[in-house]
$ cat upload31.txt   # compact mmCIF, C-alpha atoms
# COMPACT_ATOMS: atom_id res chain seq x y z
CA MET A 1 108.21 96.86 114.73
CA THR A 2 106.82 95.62 118.02
CA ALA A 3 103.17 94.77 118.50
CA ILE A 4 102.70 97.86 120.73
CA ALA A 5 104.29 100.14 118.15
CA GLU A 6 102.12 98.66 115.39
CA GLN A 7 99.03 99.18 117.52
CA LEU A 8 99.89 102.82 118.26
CA SER A 9 100.68 103.58 114.62
CA ALA A 10 97.24 102.29 113.64
CA THR A 11 95.32 104.44 116.14
CA THR A 12 94.19 108.00 115.56
CA LEU A 13 95.44 111.03 117.48
CA LEU A 14 93.22 113.46 119.41
CA ARG A 15 94.49 116.78 120.71
CA PHE A 16 92.29 118.12 123.48
CA ALA A 17 92.41 120.77 126.18
CA THR A 18 90.82 121.12 129.58
CA ALA A 19 89.53 124.42 130.93
CA GLY A 20 87.34 125.75 133.69
CA SER A 21 87.23 128.09 136.64
CA VAL A 22 89.54 127.85 139.67
CA ASP A 23 88.94 124.76 141.83
CA ASP A 24 86.55 123.17 139.36
CA GLY A 25 88.81 120.10 139.43
CA LYS A 26 90.62 120.13 136.09
CA SER A 27 93.88 118.69 137.38
CA THR A 28 92.01 116.09 139.43
CA LEU A 29 90.06 115.07 136.32
CA VAL A 30 93.24 114.74 134.29
CA GLY A 31 94.90 112.80 137.10
CA ARG A 32 91.89 110.47 137.38
CA LEU A 33 91.86 110.01 133.61
CA LEU A 34 95.55 109.06 133.58
CA HIS A 35 95.28 106.87 136.69
CA ASP A 36 92.17 104.91 135.78
CA SER A 37 93.26 104.39 132.16
CA LYS A 38 96.51 102.86 133.48
CA SER A 39 98.60 105.63 131.90
CA VAL A 40 100.62 106.46 135.01
CA LEU A 41 104.02 104.91 135.62
CA THR A 42 104.61 103.22 138.98
CA ASP A 43 107.30 105.67 140.08
CA GLN A 44 105.04 108.63 139.19
CA LEU A 45 102.22 107.23 141.31
CA GLU A 46 104.60 106.53 144.20
CA ALA A 47 105.87 110.13 144.04
CA VAL A 48 102.30 111.45 144.17
CA GLU A 49 101.45 109.18 147.10
CA HIS A 50 104.56 110.37 148.94
CA ALA A 51 103.77 114.04 148.30
CA SER A 52 100.17 113.50 149.41
CA ARG A 53 101.25 111.90 152.69
CA ASN A 54 103.58 114.82 153.36
CA ARG A 55 100.56 117.11 153.04
CA GLY A 56 98.56 115.03 155.50
CA GLN A 57 96.30 113.37 152.93
CA GLU A 58 95.45 109.70 153.26
CA ALA A 59 94.49 109.12 149.61
CA PRO A 60 96.78 110.16 146.75
CA ASP A 61 95.99 113.62 145.35
CA LEU A 62 95.73 112.85 141.65
CA ALA A 63 95.92 116.57 140.78
CA LEU A 64 99.62 116.37 141.57
CA LEU A 65 100.12 114.27 138.45
CA THR A 66 99.69 117.45 136.37
CA ASP A 67 100.38 120.35 138.73
CA GLY A 68 104.12 120.01 138.37
CA LEU A 69 105.30 123.50 139.34
CA ARG A 70 106.13 124.05 143.01
CA ALA A 71 103.98 127.21 143.01
CA GLU A 72 101.06 125.20 141.63
CA ARG A 73 101.31 122.58 144.36
CA GLU A 74 101.66 125.19 147.11
CA GLN A 75 98.65 127.21 145.94
CA GLY A 76 96.57 124.29 144.72
CA ILE A 77 96.03 125.91 141.31
CA THR A 78 97.25 125.37 137.78
CA ILE A 79 99.46 128.16 136.42
CA ASP A 80 101.21 126.80 133.35
CA VAL A 81 99.84 124.66 130.53
CA ALA A 82 100.70 121.06 131.36
CA TYR A 83 100.96 118.78 128.33
CA ARG A 84 100.45 115.06 128.82
CA TYR A 85 100.75 112.24 126.32
CA PHE A 86 98.91 108.96 126.81
CA ALA A 87 97.23 106.25 124.80
CA THR A 88 94.52 103.63 124.99
CA PRO A 89 94.05 100.70 122.60
CA ARG A 90 91.60 102.84 120.62
CA ARG A 91 93.34 106.23 120.36
CA ARG A 92 96.41 108.32 121.20
CA PHE A 93 96.01 111.62 123.06
CA ILE A 94 97.86 114.90 123.53
CA LEU A 95 96.26 116.68 126.47
CA ALA A 96 96.74 120.32 127.43
CA ASP A 97 95.70 120.97 131.03
CA THR A 98 95.16 124.74 131.04
CA PRO A 99 94.81 127.14 133.99
CA GLY A 100 91.45 128.21 135.38
CA HIS A 101 92.38 131.48 137.06
CA VAL A 102 91.32 134.54 135.08
CA GLN A 103 94.92 135.80 135.27
CA TYR A 104 96.06 132.85 133.13
CA THR A 105 93.32 132.83 130.48
CA ARG A 106 96.07 133.55 127.95
CA ASN A 107 97.45 130.06 128.65
CA MET A 108 94.06 128.58 127.76
CA VAL A 109 94.35 130.28 124.36
CA THR A 110 97.72 128.57 123.90
CA GLY A 111 96.41 125.14 124.87
CA ALA A 112 93.23 125.31 122.80
CA SER A 113 94.77 126.81 119.67
CA THR A 114 95.64 123.38 118.24
CA ALA A 115 92.93 121.35 120.02
CA GLU A 116 90.17 119.43 118.26
CA LEU A 117 88.19 119.12 121.49
CA ALA A 118 87.87 121.18 124.66
CA VAL A 119 86.68 119.85 128.02
CA VAL A 120 85.12 122.70 130.01
CA LEU A 121 84.62 121.87 133.67
CA VAL A 122 81.93 123.36 135.87
CA ASP A 123 81.55 122.93 139.63
CA ALA A 124 78.06 121.51 140.14
CA ARG A 125 77.65 123.71 143.23
CA ASN A 126 78.48 126.96 141.40
CA GLY A 127 77.09 126.39 137.92
CA VAL A 128 78.11 128.48 134.92
CA VAL A 129 80.25 131.44 135.99
CA GLU A 130 81.97 134.25 134.06
CA GLN A 131 85.16 132.26 133.56
CA THR A 132 83.10 129.39 132.13
CA ARG A 133 81.64 131.80 129.58
CA ARG A 134 85.10 133.16 128.79
CA HIS A 135 86.47 129.68 128.11
CA ALA A 136 83.45 128.82 125.95
CA ALA A 137 83.99 132.04 123.99
CA VAL A 138 87.69 131.28 123.47
CA ALA A 139 86.87 127.75 122.30
CA ALA A 140 84.32 129.15 119.84
CA LEU A 141 86.69 131.82 118.57
CA LEU A 142 89.43 129.25 118.02
CA ARG A 143 86.95 127.10 116.08
CA VAL A 144 87.40 124.08 118.36
CA PRO A 145 84.94 121.67 116.71
CA HIS A 146 83.96 119.63 119.80
CA VAL A 147 83.22 120.87 123.34
CA VAL A 148 82.53 118.64 126.34
CA LEU A 149 80.79 120.13 129.38
CA ALA A 150 81.97 118.13 132.39
CA VAL A 151 79.76 118.96 135.38
CA ASN A 152 82.13 118.01 138.19
CA LYS A 153 81.70 117.37 141.92
CA MET A 154 78.31 115.74 141.46
CA ASP A 155 79.04 113.83 144.68
CA LEU A 156 78.71 117.14 146.58
CA VAL A 157 75.18 117.72 145.27
CA ASP A 158 74.00 114.15 145.99
CA TYR A 159 74.26 113.22 142.31
CA ALA A 160 71.06 115.18 141.66
CA GLU A 161 69.88 115.03 138.05
CA PRO A 162 68.04 118.42 138.16
CA VAL A 163 71.28 120.19 139.11
CA PHE A 164 73.09 118.68 136.15
CA ALA A 165 70.18 119.32 133.76
CA ALA A 166 69.95 123.01 134.68
CA ILE A 167 73.69 123.59 134.20
CA ALA A 168 73.75 121.63 130.93
CA GLU A 169 70.81 123.61 129.56
CA GLU A 170 72.35 126.99 130.44
CA PHE A 171 75.79 126.15 129.05
CA THR A 172 74.49 124.48 125.90
CA GLY A 173 72.34 127.49 125.07
CA TYR A 174 75.24 129.87 125.61
CA ALA A 175 77.77 127.82 123.63
CA ALA A 176 75.31 127.24 120.79
CA SER A 177 74.77 131.01 120.50
CA LEU A 178 78.56 131.30 120.03
CA GLY A 179 78.43 128.90 117.12
CA VAL A 180 79.99 125.86 118.81
CA PRO A 181 78.98 123.01 116.47
CA GLU A 182 78.87 120.13 118.97
CA ILE A 183 78.36 120.14 122.74
CA THR A 184 78.30 117.01 124.93
CA ALA A 185 77.37 117.26 128.63
CA ILE A 186 78.63 114.61 131.08
CA PRO A 187 78.01 114.52 134.88
CA ILE A 188 81.16 113.42 136.73
CA SER A 189 82.98 113.27 140.02
CA ALA A 190 86.69 113.42 139.28
CA LEU A 191 87.60 112.79 142.89
CA ALA A 192 85.45 109.64 143.17
CA GLY A 193 85.95 108.56 139.56
CA ASP A 194 82.29 108.69 138.52
CA ASN A 195 81.86 108.72 134.72
CA VAL A 196 85.51 109.56 134.05
CA VAL A 197 86.77 106.17 132.90
CA GLU A 198 84.24 103.89 134.55
CA PRO A 199 80.44 104.42 134.52
CA SER A 200 78.98 105.74 137.75
CA ALA A 201 76.89 103.54 140.02
CA HIS A 202 75.38 106.67 141.59
CA MET A 203 73.86 108.21 138.45
CA ASP A 204 71.70 105.54 136.85
CA TRP A 205 69.62 108.37 135.33
CA TYR A 206 72.54 109.16 132.96
CA GLY A 207 72.85 106.90 129.93
CA GLY A 208 75.57 108.67 127.97
CA PRO A 209 79.28 107.91 127.58
CA THR A 210 82.00 108.41 130.16
CA VAL A 211 84.60 111.08 129.49
CA LEU A 212 87.11 108.53 128.17
CA GLU A 213 84.52 106.77 126.02
CA HIS A 214 83.65 110.08 124.38
CA LEU A 215 87.31 110.98 123.87
CA GLU A 216 87.92 107.60 122.24
CA THR A 217 84.96 107.79 119.87
CA VAL A 218 84.52 111.45 118.94
CA PRO A 219 85.21 111.81 115.19
CA VAL A 220 88.37 113.73 114.33
CA SER A 221 89.93 114.42 110.97
CA HIS A 222 93.56 115.32 110.30
CA ASP A 223 93.10 115.27 106.54
CA LEU A 224 94.28 118.69 105.41
CA THR A 225 94.74 117.62 101.80
CA GLY A 226 91.25 118.76 100.86
CA CYS A 227 91.87 122.29 102.15
CA HIS A 228 93.14 125.24 100.12
CA ALA A 229 96.80 124.51 99.41
CA ARG A 230 99.14 126.87 101.25
CA PHE A 231 102.95 126.83 101.49
CA PRO A 232 104.63 129.51 103.64
CA VAL A 233 108.28 129.81 102.59
CA GLN A 234 110.60 129.40 105.55
CA TYR A 235 114.04 129.31 103.92
CA VAL A 236 115.56 129.72 100.46
CA ILE A 237 118.12 127.02 99.59
CA ARG A 238 120.73 128.33 97.17
CA PRO A 239 123.97 126.28 97.60
CA GLN A 240 125.79 127.65 94.51
CA THR A 241 128.27 124.78 94.60
CA ALA A 242 130.00 122.95 91.77
CA GLU A 243 127.62 120.04 92.28
CA HIS A 244 124.50 122.26 92.42
CA PRO A 245 125.38 125.50 90.61
CA ASP A 246 121.82 126.47 89.68
CA TYR A 247 119.78 124.86 92.45
CA ARG A 248 117.14 127.16 93.94
CA GLY A 249 114.64 125.62 96.35
CA TYR A 250 112.08 127.01 98.75
CA ALA A 251 111.87 125.08 102.01
CA GLY A 252 109.04 125.03 104.52
CA GLN A 253 106.10 123.08 105.91
CA ILE A 254 102.93 122.72 103.86
CA ALA A 255 100.25 124.41 105.97
CA ALA A 256 97.28 122.88 104.14
CA GLY A 257 96.35 121.06 100.95
CA ALA A 258 98.67 119.33 98.51
CA PHE A 259 101.15 120.39 95.81
CA ARG A 260 101.98 118.46 92.65
CA VAL A 261 104.79 118.65 90.11
CA GLY A 262 103.57 120.54 87.05
CA GLU A 263 101.00 122.57 89.01
CA SER A 264 100.69 126.30 88.27
CA VAL A 265 101.25 128.38 91.38
CA THR A 266 101.37 132.02 92.39
CA VAL A 267 103.79 133.60 94.85
CA LEU A 268 102.23 136.10 97.25
CA PRO A 269 102.24 138.96 97.94
CA SER A 270 104.04 139.73 94.64
CA GLY A 271 101.48 137.84 92.54
CA ARG A 272 104.11 136.37 90.20
CA THR A 273 103.23 132.97 88.73
CA SER A 274 105.26 129.91 87.88
CA THR A 275 105.05 126.12 87.75
CA VAL A 276 106.20 123.53 90.30
CA GLU A 277 109.22 121.97 88.59
CA GLY A 278 110.09 119.58 91.40
CA ILE A 279 109.38 118.63 95.03
CA ASP A 280 112.12 117.30 97.32
CA LEU A 281 111.10 115.35 100.41
CA LEU A 282 113.83 114.10 102.74
CA GLY A 283 116.35 114.57 99.96
CA GLU A 284 114.37 112.52 97.44
CA PRO A 285 112.21 113.81 94.56
CA VAL A 286 108.46 113.13 94.79
CA ASP A 287 105.55 113.93 92.49
CA ILE A 288 103.15 115.08 95.24
CA ALA A 289 103.40 116.36 98.81
CA TRP A 290 100.71 117.29 101.32
CA ALA A 291 100.20 118.89 104.72
CA PRO A 292 101.89 118.78 107.17
CA GLN A 293 104.98 117.51 105.33
CA SER A 294 108.15 119.62 105.31
CA VAL A 295 109.44 119.84 101.74
CA THR A 296 111.43 121.93 99.28
CA LEU A 297 109.61 123.27 96.24
CA ARG A 298 111.46 124.10 93.02
CA LEU A 299 109.89 126.41 90.44
CA THR A 300 110.54 126.59 86.69
CA ASP A 301 111.14 130.36 86.79
CA ASP A 302 113.81 132.25 88.73
CA ILE A 303 111.52 134.74 90.42
CA ASP A 304 112.03 136.71 93.61
CA VAL A 305 110.85 134.47 96.46
CA SER A 306 111.98 134.93 100.06
CA ARG A 307 111.11 133.93 103.61
CA GLY A 308 107.57 134.98 104.49
CA ASP A 309 106.18 134.62 100.97
CA LEU A 310 103.23 132.29 100.46
CA ILE A 311 102.95 129.87 97.53
CA ALA A 312 99.42 128.86 96.51
CA PRO A 313 97.74 127.36 93.42
CA VAL A 314 96.78 129.78 90.67
CA GLY A 315 93.05 130.45 90.96
CA ASP A 316 92.88 129.39 94.62
CA ALA A 317 95.04 132.00 96.29
CA PRO A 318 94.06 133.95 99.42
CA PRO A 319 93.38 137.68 99.15
CA VAL A 320 96.29 140.07 99.68
CA THR A 321 95.63 143.01 101.97
CA GLN A 322 97.23 145.60 104.21
CA ASP A 323 94.03 146.16 106.22
CA VAL A 324 93.42 143.29 108.62
CA GLU A 325 90.07 143.05 110.40
CA ALA A 326 90.08 140.40 113.10
CA THR A 327 89.03 139.24 116.52
CA VAL A 328 91.83 139.08 119.08
CA CYS A 329 92.31 137.58 122.51
CA HIS A 330 94.54 140.02 124.35
CA VAL A 331 97.06 138.08 126.42
CA ALA A 332 99.58 140.68 127.64
CA ASP A 333 99.55 142.61 130.91
CA GLN A 334 100.04 145.86 128.99
CA ALA A 335 96.99 147.18 127.17
CA LEU A 336 96.50 147.23 123.40
CA THR A 337 95.54 150.76 122.35
CA VAL A 338 94.46 152.58 119.20
CA GLY A 339 97.49 153.99 117.41
CA GLN A 340 99.90 151.50 118.97
CA ARG A 341 102.80 150.29 116.82
CA VAL A 342 103.15 146.52 116.74
CA LEU A 343 104.67 143.68 114.77
CA LEU A 344 102.28 141.26 113.11
CA LYS A 345 103.53 137.68 112.72
CA HIS A 346 101.64 135.58 110.18
CA THR A 347 103.04 132.12 109.41
CA THR A 348 106.71 132.81 108.54
CA ARG A 349 106.22 136.51 107.77
CA THR A 350 106.63 139.34 110.31
CA VAL A 351 105.75 142.91 109.31
CA LYS A 352 105.39 146.29 110.98
CA ALA A 353 101.83 147.34 111.71
CA ILE A 354 99.74 149.86 113.57
CA VAL A 355 96.45 149.39 115.42
CA LYS A 356 94.11 151.69 113.50
CA ASP A 357 90.92 150.99 115.43
CA ILE A 358 89.39 148.87 118.18
CA PRO A 359 85.71 148.91 117.16
CA SER A 360 84.36 146.79 120.00
CA ARG A 361 85.02 144.61 123.02
CA LEU A 362 82.97 141.50 123.73
CA THR A 363 80.81 141.44 126.86
CA LEU A 364 80.76 137.82 127.93
CA ASP A 365 77.55 137.92 129.98
CA ASP A 366 75.22 138.60 127.06
CA LEU A 367 77.63 138.44 124.07
CA SER A 368 76.96 142.08 123.27
CA GLN A 369 79.64 144.29 121.72
CA HIS A 370 80.82 147.23 123.82
CA PRO A 371 81.55 149.87 121.17
CA ALA A 372 84.78 151.87 120.89
CA PRO A 373 86.49 150.74 124.11
CA GLY A 374 89.70 152.52 123.07
CA LYS A 375 91.86 149.71 124.42
CA LEU A 376 91.93 146.03 125.30
CA VAL A 377 93.38 144.80 128.58
CA ALA A 378 94.56 141.34 129.62
CA ASN A 379 92.02 138.59 128.83
CA ASP A 380 89.75 140.90 126.81
CA ILE A 381 88.27 139.66 123.53
CA GLY A 382 87.62 142.32 120.94
CA ARG A 383 87.58 143.39 117.31
CA VAL A 384 90.57 145.25 115.88
CA VAL A 385 91.58 146.86 112.61
CA VAL A 386 95.30 146.68 111.87
CA ARG A 387 97.15 148.36 109.01
CA THR A 388 100.34 146.59 107.93
CA ALA A 389 103.41 148.10 106.33
CA GLU A 390 103.54 145.33 103.72
CA PRO A 391 100.80 143.27 102.05
CA LEU A 392 99.81 139.95 103.63
CA ALA A 393 98.22 136.88 102.04
CA LEU A 394 95.68 136.14 104.75
CA ASP A 395 92.87 133.58 104.82
CA ALA A 396 89.80 133.94 106.99
CA TYR A 397 90.29 131.98 110.21
CA ALA A 398 87.00 130.17 109.58
CA ASP A 399 88.57 128.73 106.42
CA SER A 400 92.03 127.95 107.82
CA ARG A 401 93.15 127.93 111.44
CA ARG A 402 96.78 127.92 110.30
CA THR A 403 96.86 130.70 107.68
CA GLY A 404 94.03 132.73 109.20
CA SER A 405 95.75 133.27 112.55
CA PHE A 406 98.42 135.74 113.58
CA LEU A 407 100.15 137.29 116.59
CA LEU A 408 100.54 140.93 117.53
CA ILE A 409 103.96 141.49 119.11
CA ASP A 410 105.52 144.38 121.01
CA PRO A 411 108.41 145.59 118.79
CA ALA A 412 110.33 146.86 121.82
CA ASP A 413 110.82 143.58 123.68
CA GLY A 414 109.16 140.83 121.62
CA THR A 415 106.30 140.28 124.06
CA THR A 416 103.23 138.62 122.56
CA LEU A 417 100.35 141.07 122.92
CA SER A 418 97.37 139.41 121.24
CA ALA A 419 96.39 136.26 119.38
CA GLY A 420 94.33 137.15 116.32
CA MET A 421 91.79 135.37 114.14
CA ALA A 422 91.21 137.09 110.79
CA GLY A 423 87.71 137.65 109.47
CA ALA A 424 84.35 137.48 111.18
CA SER A 425 83.98 136.36 114.79
CA PHE A 426 81.15 134.24 116.19
CA ALA A 427 79.11 137.34 117.12
CA SER A 428 77.84 139.90 114.63
CA ALA A 429 79.91 143.03 114.61
CA GLU A 430 79.41 146.37 112.93
CA GLU A 431 81.76 147.10 110.07
CA PRO A 432 84.52 149.28 111.52
CA PRO A 433 84.78 152.77 110.08
CA ALA A 434 87.71 153.51 107.79
CA ALA A 435 90.49 155.15 109.77
CA ASP A 436 92.77 157.92 108.51
CA ASP A 437 96.33 156.98 107.69
CA ASP A 438 98.84 157.60 110.46
CA ALA A 439 101.19 160.48 109.66
CA GLU A 440 104.23 158.88 111.25
CA TRP A 441 103.86 155.42 109.71
CA ASP A 442 103.13 156.13 106.07
CA PHE A 443 101.91 152.79 104.77
$ encode --input "upload31.txt" --output "structure tokens"
Amino acid sequence: MTAIAEQLSATTLLRFATAGSVDDGKSTLVGRLLHDSKSVLTDQLEAVEHASRNRGQEAPDLALLTDGLRAEREQGITIDVAYRYFATPRRRFILADTPGHVQYTRNMVTGASTAELAVVLVDARNGVVEQTRRHAAVAALLRVPHVVLAVNKMDLVDYAEPVFAAIAEEFTGYAASLGVPEITAIPISALAGDNVVEPSAHMDWYGGPTVLEHLETVPVSHDLTGCHARFPVQYVIRPQTAEHPDYRGYAGQIAAGAFRVGESVTVLPSGRTSTVEGIDLLGEPVDIAWAPQSVTLRLTDDIDVSRGDLIAPVGDAPPVTQDVEATVCHVADQALTVGQRVLLKHTTRTVKAIVKDIPSRLTLDDLSQHPAPGKLVANDIGRVVVRTAEPLALDAYADSRRTGSFLLIDPADGTTLSAGMAGASFASAEEPPAADDDAEWDF
């Protein structure tokens, strides 16, 4: 192993996403971060310099390092989620540069769904706007543990401390009311490079870290072994060959926790119990396996287990239900309405379902709940009650981001309608009234 490979293997990994309103400078920030941390290849920089000259710009437009689609470069906006991988001596990073336009808020949900940190940009001239609140709400709903407020374009407000302080106070109060556990405010100029990688010479009143310093030092934990053990079955291995006439294994990726040989487990939703007889990892037997390893579990009893079932320890299993109460971010152009038939995809299980009720829609300005909206349209955040055709073993999203999340899908064409988080949201919501069973879908 080379010295570089050894160094990278010893560093931790941080997944983070950027978000903000249109023209707040997200792509420029990402470009500056990559450029000043020496994470840009020479040919990439030359291509950006060439493209910038063709557009009549003297200095290279660092936003072009991430705005890769032709439509993005022509319009000067980010449309798709751009993933970038880079590393410093202290940490490795997977960055999701998400769109700022309200039309593409759904892409921000995609980018932040696996992030441990979100960087929310605000234009110092405009302050906190509705899209800023929407992105803060999405980060809170997705339980992103760390949020950075990057107040950008400080060079256009003469690096004035009162401007930064007012924006930081407003955003921090709003995000804290959503339940965001940690908020760090940093004044920057992505275009000039102030406080992105190098400290700013223009803001001696600021004594905090630069963006990169914070990204390198913020505590992150990938240890899922202490969580409730969950194993969604992806595939049943039953070779029935002369060499393996009785082999029956259940393959999949451990979503959380750890499993041990000899451990008593229950298979959901059936509730049947058995014991882990063996664990195969990369074709070799092991005594213990943990998240996120992909393994094959073998049980002592020949019970009915199929794709979509969930294996969990006896005494620590999630509740099984057909009535799902959740908060959803609606991402489709078509509305989600009461009575609509959908498919609900949870881990490896997909079941028929019907939207029984939409009790409320979140108003982002004051975090109030608009009661009984009847439908959710693109980019709305609201509470839903869904009745499924088959029981689901569903954790609360606050307990497990992996087994507490689900998708609502259009059964006609497979379009993703909404991203759901089971259980309570960040804002208090009235308990939805019990809805009558639908006559056509007798669940």
$ residues_around --input "upload31.txt" --residues "A:Gln322" --least-positions-apart "5" --cutoff "12 Å" --atoms "all atoms listed in the file" --output "mmCIF file with C-alpha atoms, in the frame of the given file"
data_model
loop_
_atom_site.group_PDB
_atom_site.id
_atom_site.type_symbol
_atom_site.label_atom_id
_atom_site.label_comp_id
_atom_site.auth_asym_id
_atom_site.auth_seq_id
_atom_site.Cartn_x
_atom_site.Cartn_y
_atom_site.Cartn_z
ATOM 1 C CA PRO A 269 102.240 138.960 97.940
ATOM 2 C CA LEU A 344 102.280 141.260 113.110
ATOM 3 C CA VAL A 351 105.750 142.910 109.310
ATOM 4 C CA LYS A 352 105.390 146.290 110.980
ATOM 5 C CA ALA A 353 101.830 147.340 111.710
ATOM 6 C CA ILE A 354 99.740 149.860 113.570
ATOM 7 C CA VAL A 355 96.450 149.390 115.420
ATOM 8 C CA LYS A 356 94.110 151.690 113.500
ATOM 9 C CA VAL A 385 91.580 146.860 112.610
ATOM 10 C CA VAL A 386 95.300 146.680 111.870
ATOM 11 C CA ARG A 387 97.150 148.360 109.010
ATOM 12 C CA THR A 388 100.340 146.590 107.930
ATOM 13 C CA ALA A 389 103.410 148.100 106.330
ATOM 14 C CA GLU A 390 103.540 145.330 103.720
ATOM 15 C CA PRO A 391 100.800 143.270 102.050
ATOM 16 C CA LEU A 392 99.810 139.950 103.630
ATOM 17 C CA ALA A 393 98.220 136.880 102.040
ATOM 18 C CA LEU A 394 95.680 136.140 104.750
ATOM 19 C CA ASP A 437 96.330 156.980 107.690
ATOM 20 C CA PHE A 443 101.910 152.790 104.770
#
$ residues_around --input "upload31.txt" --residues "A:Thr337" --least-positions-apart "2" --cutoff "8 Å" --atoms "all atoms listed in the file" --output "list in words"
Ala335, Gly339, Gln340, Val355, Ile358, Gly374, Lys375 and Leu376 of chain A
$ closest_residue --input "upload31.txt" --among "A:Ile381, A:Ala185, A:Cys227, A:Ala175" --to "A:Gly207" --atoms "all atoms listed in the file"
A:Ala185
$ axis_aligned_box --input "upload31.txt" --around "stretch 247-266 of chain A" --padding-each-side "4 Å" --output "AutoDock Vina command-line options"
--center_x 108.1 --center_y 125.2 --center_z 96.5 --size_x 31.4 --size_y 21.6 --size_z 26.9
$ atom_distance --input "upload31.txt" --atom1 "atom CA of A:Tyr206" --atom2 "atom CA of A:Arg32"
19.9 Å
$ closest_residue --input "upload31.txt" --among "A:Val122, A:Val276, A:Val196, A:Ile186" --to "A:Leu29" --atoms "all atoms listed in the file"
A:Val196
$ closest_residue --input "upload31.txt" --among "A:Pro245, A:Gly257, A:Pro181, A:Pro187" --to "A:Trp205" --atoms "all atoms listed in the file"
A:Pro187
$ closest_atom_pairs --input "upload31.txt" --of "stretch 244-274 of chain A" --to "stretch 287-292 of chain A" --cutoff "9 Å" --atoms "all atoms listed in the file" --output "CSV"
residue,atom,partner,partner_atom,distance
A:Gln253,CA,A:Pro292,CA,6.1
A:Ile254,CA,A:Ala291,CA,4.8
A:Ala255,CA,A:Ala291,CA,5.7
A:Ala256,CA,A:Ala291,CA,5.0
A:Gly257,CA,A:Trp290,CA,5.8
A:Ala258,CA,A:Trp290,CA,4.0
A:Phe259,CA,A:Ala289,CA,5.5
A:Arg260,CA,A:Ile288,CA,4.4
A:Val261,CA,A:Asp287,CA,5.3
A:Gly262,CA,A:Asp287,CA,8.8
$ atom_distance --input "upload31.txt" --atom1 "atom CA of A:Phe231" --atom2 "atom CA of A:Tyr83"
28.1 Å
$ atom_distance --input "upload31.txt" --atom1 "atom CA of A:His370" --atom2 "atom CA of A:Thr18"
28.5 Å
$ closest_residue --input "upload31.txt" --among "A:Tyr159, A:Tyr235, A:Phe16, A:Phe406" --to "A:Ala112" --atoms "all atoms listed in the file"
A:Phe16
$ residues_around --input "upload31.txt" --residues "A:Val119" --least-positions-apart "5" --cutoff "8 Å" --atoms "only C-alpha atoms" --output "PDB file with C-alpha atoms, in the frame of the given file"
ATOM      1  CA  PHE A  16      92.290 118.120 123.480  1.00  0.00           C
ATOM      2  CA  ALA A  17      92.410 120.770 126.180  1.00  0.00           C
ATOM      3  CA  THR A  18      90.820 121.120 129.580  1.00  0.00           C
ATOM      4  CA  ALA A  19      89.530 124.420 130.930  1.00  0.00           C
ATOM      5  CA  VAL A 147      83.220 120.870 123.340  1.00  0.00           C
ATOM      6  CA  VAL A 148      82.530 118.640 126.340  1.00  0.00           C
ATOM      7  CA  LEU A 149      80.790 120.130 129.380  1.00  0.00           C
ATOM      8  CA  ALA A 150      81.970 118.130 132.390  1.00  0.00           C
TER       9      ALA A 150
END
$ residues_near_point --input "upload31.txt" --point "(112.0, 132.4, 97.5)" --cutoff "7 Å" --atoms "only C-alpha atoms" --output "tab-separated table (two decimals) with C-alpha atoms, in the coordinates of the input"
chain	number	residue	atom	x	y	z
A	233	VAL	CA	108.28	129.81	102.59
A	236	VAL	CA	115.56	129.72	100.46
A	250	TYR	CA	112.08	127.01	98.75
A	304	ASP	CA	112.03	136.71	93.61
A	305	VAL	CA	110.85	134.47	96.46
A	306	SER	CA	111.98	134.93	100.06
A	307	ARG	CA	111.11	133.93	103.61
$ closest_residue --input "upload31.txt" --among "A:Arg92, A:Ser189, A:Ala422, A:Ile279" --to "A:Asp323" --atoms "all atoms listed in the file"
A:Ala422
$ closest_residue --input "upload31.txt" --among "A:Asp97, A:Cys329, A:Ile183, A:Gln234" --to "A:Thr350" --atoms "all atoms listed in the file"
A:Gln234
$ build_atoms --input "upload31.txt" --residues "stretch 177-183 of chain A" --atoms "N, CA and C atoms" --output "PDB file, in the frame of the given file"
ATOM      1  N   SER A 177      74.887 129.646 121.021  1.00  0.00           N
ATOM      2  CA  SER A 177      74.770 131.010 120.500  1.00  0.00           C
ATOM      3  C   SER A 177      76.119 131.536 120.019  1.00  0.00           C
ATOM      4  N   LEU A 178      77.218 130.944 120.505  1.00  0.00           N
ATOM      5  CA  LEU A 178      78.560 131.300 120.030  1.00  0.00           C
ATOM      6  C   LEU A 178      78.920 130.617 118.733  1.00  0.00           C
ATOM      7  N   GLY A 179      78.133 129.623 118.343  1.00  0.00           N
ATOM      8  CA  GLY A 179      78.430 128.900 117.120  1.00  0.00           C
ATOM      9  C   GLY A 179      79.209 127.622 117.331  1.00  0.00           C
ATOM     10  N   VAL A 180      79.303 127.132 118.570  1.00  0.00           N
ATOM     11  CA  VAL A 180      79.990 125.860 118.810  1.00  0.00           C
ATOM     12  C   VAL A 180      79.177 124.743 118.162  1.00  0.00           C
ATOM     13  N   PRO A 181      79.765 123.967 117.258  1.00  0.00           N
ATOM     14  CA  PRO A 181      78.980 123.010 116.470  1.00  0.00           C
ATOM     15  C   PRO A 181      78.507 121.789 117.243  1.00  0.00           C
ATOM     16  N   GLU A 182      79.258 121.361 118.250  1.00  0.00           N
ATOM     17  CA  GLU A 182      78.870 120.130 118.970  1.00  0.00           C
ATOM     18  C   GLU A 182      79.194 120.268 120.446  1.00  0.00           C
ATOM     19  N   ILE A 183      78.199 120.023 121.297  1.00  0.00           N
ATOM     20  CA  ILE A 183      78.360 120.140 122.740  1.00  0.00           C
ATOM     21  C   ILE A 183      77.851 118.855 123.374  1.00  0.00           C
TER      22      ILE A 183
END
